[in-house]
Amino acid sequence: MQEQYYSETWSFIIKWIAVILIVVLLLFIFIPSNIWEKEENIRKRSHWKMRQLWDAERMYYKLTGYYDSDIEGVLWFVSAVRDSILADSDYVGEEVIEYKGEDVTIEVPAFWHTEFDTVFSYPYMVDDTTYTKVFKVTEMNYETGTWDTVYWNALKDQYKLRDTLWEGVILDTTIDTIIERDITKYDRFRLRDSLMYCPLTTEPYIVKTRGKERDTVIIKSPIDKTYLSRRYLVFTFKDTGHGSIVNGEESWIR
């Protein structure tokens with residue numbers, strides 16, 4: 001009986017050791033994968049922010065003819081111009097805006113606001129439902145010499161109803177539901193100061209201009225050396241930087 005007791009004890013211990021080893025193995029499989037996924041998500045988020053800064057600089061350049069290394073001022077500037085257009089639809093062509101205590105003359109291109117609203121927005125897919133009146137009418141068909149019953153859409157066929165020479169009778173009016181699938185719409189967002197900061201280090205992106213006409217702008221990640229952060233004691237979060245954008249050319253897609 002004593003020998004049997006020790007056999008069951010060792011069996012129990014071995015089973016628990018096996019369970020622990022399996023758990024450790026799963027941790028070593030899934031934790032690194034989770035860390036890599038977070039690294040990739042942060043990198044994508046950082047690249048997205050840098051693109052928004054570049055687009056803001058590009059929109060600023062269209063207005064002024066040069067880039068500005070003061071990215072906070074650039075974000076405010078292009079947002080202020082968009083707000084002016086919202087307040088006055090005729091805000092186009094040569095205009096004057098107060099910037100850093102001075103009056104700055106700018107040239108607002110036609111439909112500049114349309115590009116702004118498209119660039120600084122999140123696209124999303126929806127099913128769009130609209131309602132329209134449908135008229136059941138009877139009218140003379142001069143080719144056959146008979147009266148035909150047809151259906152007119154109030155939006156598409158309204159010109160027919162306004163035709164004083166039209167001869168016919170409206171028999172009935174109904175409301176028709178039109179559902180359009182997978183319509184792309186855009187949710188515009190405001191250019192906030194949070195765009196200026198790296199999502200990993202929370203340090204500001206480095207923005208520089210160069211050239212006599214300030215016609216070149218560089219937007220660079222603040223990570224200048226390998227970033228390491230210990231995770232779960234034995235794992236490491238690692239990032240070597242998020243690259244740069246020079247006049248729209250992204251270093252990470254070369």
# chains A, B, ... in the order shown; residues from 1 in each chain; ligands from 1
$ residues_around --residues "range 174-184 of chain A" --least-positions-apart "2" --cutoff "7 Å" --atoms "only C-alpha atoms" --output "MDAnalysis selection string"
chainID A and resid 123:135 172 186
$ write_last_selection --atoms "N, CA and C atoms" --output "tab-separated table (two decimals), in the first residue's frame"
chain	number	residue	atom	x	y	z
A	123	PRO	N	-13.19	57.60	-43.71
A	123	PRO	CA	-14.21	57.00	-44.59
A	123	PRO	C	-14.89	55.82	-43.90
A	124	TYR	N	-16.17	55.66	-44.11
A	124	TYR	CA	-16.89	54.52	-43.56
A	124	TYR	C	-18.02	54.14	-44.52
A	125	MET	N	-18.37	52.86	-44.47
A	125	MET	CA	-19.38	52.31	-45.37
A	125	MET	C	-20.72	52.22	-44.65
A	126	VAL	N	-21.78	52.63	-45.34
A	126	VAL	CA	-23.11	52.56	-44.77
A	126	VAL	C	-24.11	52.13	-45.84
A	127	ASP	N	-25.27	51.71	-45.38
A	127	ASP	CA	-26.42	51.49	-46.27
A	127	ASP	C	-27.29	52.74	-46.15
A	128	ASP	N	-27.41	53.47	-47.24
A	128	ASP	CA	-28.13	54.74	-47.21
A	128	ASP	C	-29.58	54.53	-47.62
A	129	THR	N	-30.50	54.99	-46.78
A	129	THR	CA	-31.92	54.85	-47.05
A	129	THR	C	-32.54	56.22	-47.33
A	130	THR	N	-33.18	56.36	-48.46
A	130	THR	CA	-33.86	57.61	-48.80
A	130	THR	C	-35.32	57.30	-49.16
A	131	TYR	N	-36.14	58.33	-49.03
A	131	TYR	CA	-37.57	58.18	-49.32
A	131	TYR	C	-37.94	59.19	-50.41
A	132	THR	N	-38.70	58.74	-51.37
A	132	THR	CA	-39.10	59.61	-52.46
A	132	THR	C	-40.55	59.34	-52.85
A	133	LYS	N	-41.20	60.37	-53.38
A	133	LYS	CA	-42.57	60.21	-53.86
A	133	LYS	C	-42.57	59.53	-55.22
A	134	VAL	N	-43.52	58.63	-55.38
A	134	VAL	CA	-43.71	57.96	-56.67
A	134	VAL	C	-45.14	58.23	-57.12
A	135	PHE	N	-45.27	58.79	-58.33
A	135	PHE	CA	-46.59	59.12	-58.88
A	135	PHE	C	-47.03	58.04	-59.87
A	172	ASP	N	-52.35	58.24	-58.43
A	172	ASP	CA	-52.06	57.91	-57.04
A	172	ASP	C	-50.65	58.39	-56.71
A	186	TYR	N	-17.98	60.17	-45.30
A	186	TYR	CA	-16.79	60.64	-44.61
A	186	TYR	C	-17.17	61.41	-43.35
$ select_by_dssp --residues "range 27-158 of chain A" --states "strand (DSSP E)" --output "PyMOL selection string"
chain A and resi 93-99+102-108+121-141+146-153
$ atom_distance --atom1 "CA of Ser79 in chain A" --atom2 "CA of His242 in chain A"
26.2 Å
$ residues_around --residues "Glu115 in chain A" --least-positions-apart "2" --cutoff "12 Å" --atoms "only C-alpha atoms" --output "ChimeraX atom specification"
/A:55-56,58-59,62,78,82,108-113,117-121,188
$ residues_around --residues "Asp148 in chain A" --least-positions-apart "3" --cutoff "7 Å" --atoms "only C-alpha atoms" --output "list of chain:residue names"
A:Thr138, A:Glu139, A:Met140, A:Asn141
$ atom_distance --atom1 "CA of Gly211 in chain A" --atom2 "CA of Gly65 in chain A"
12.8 Å
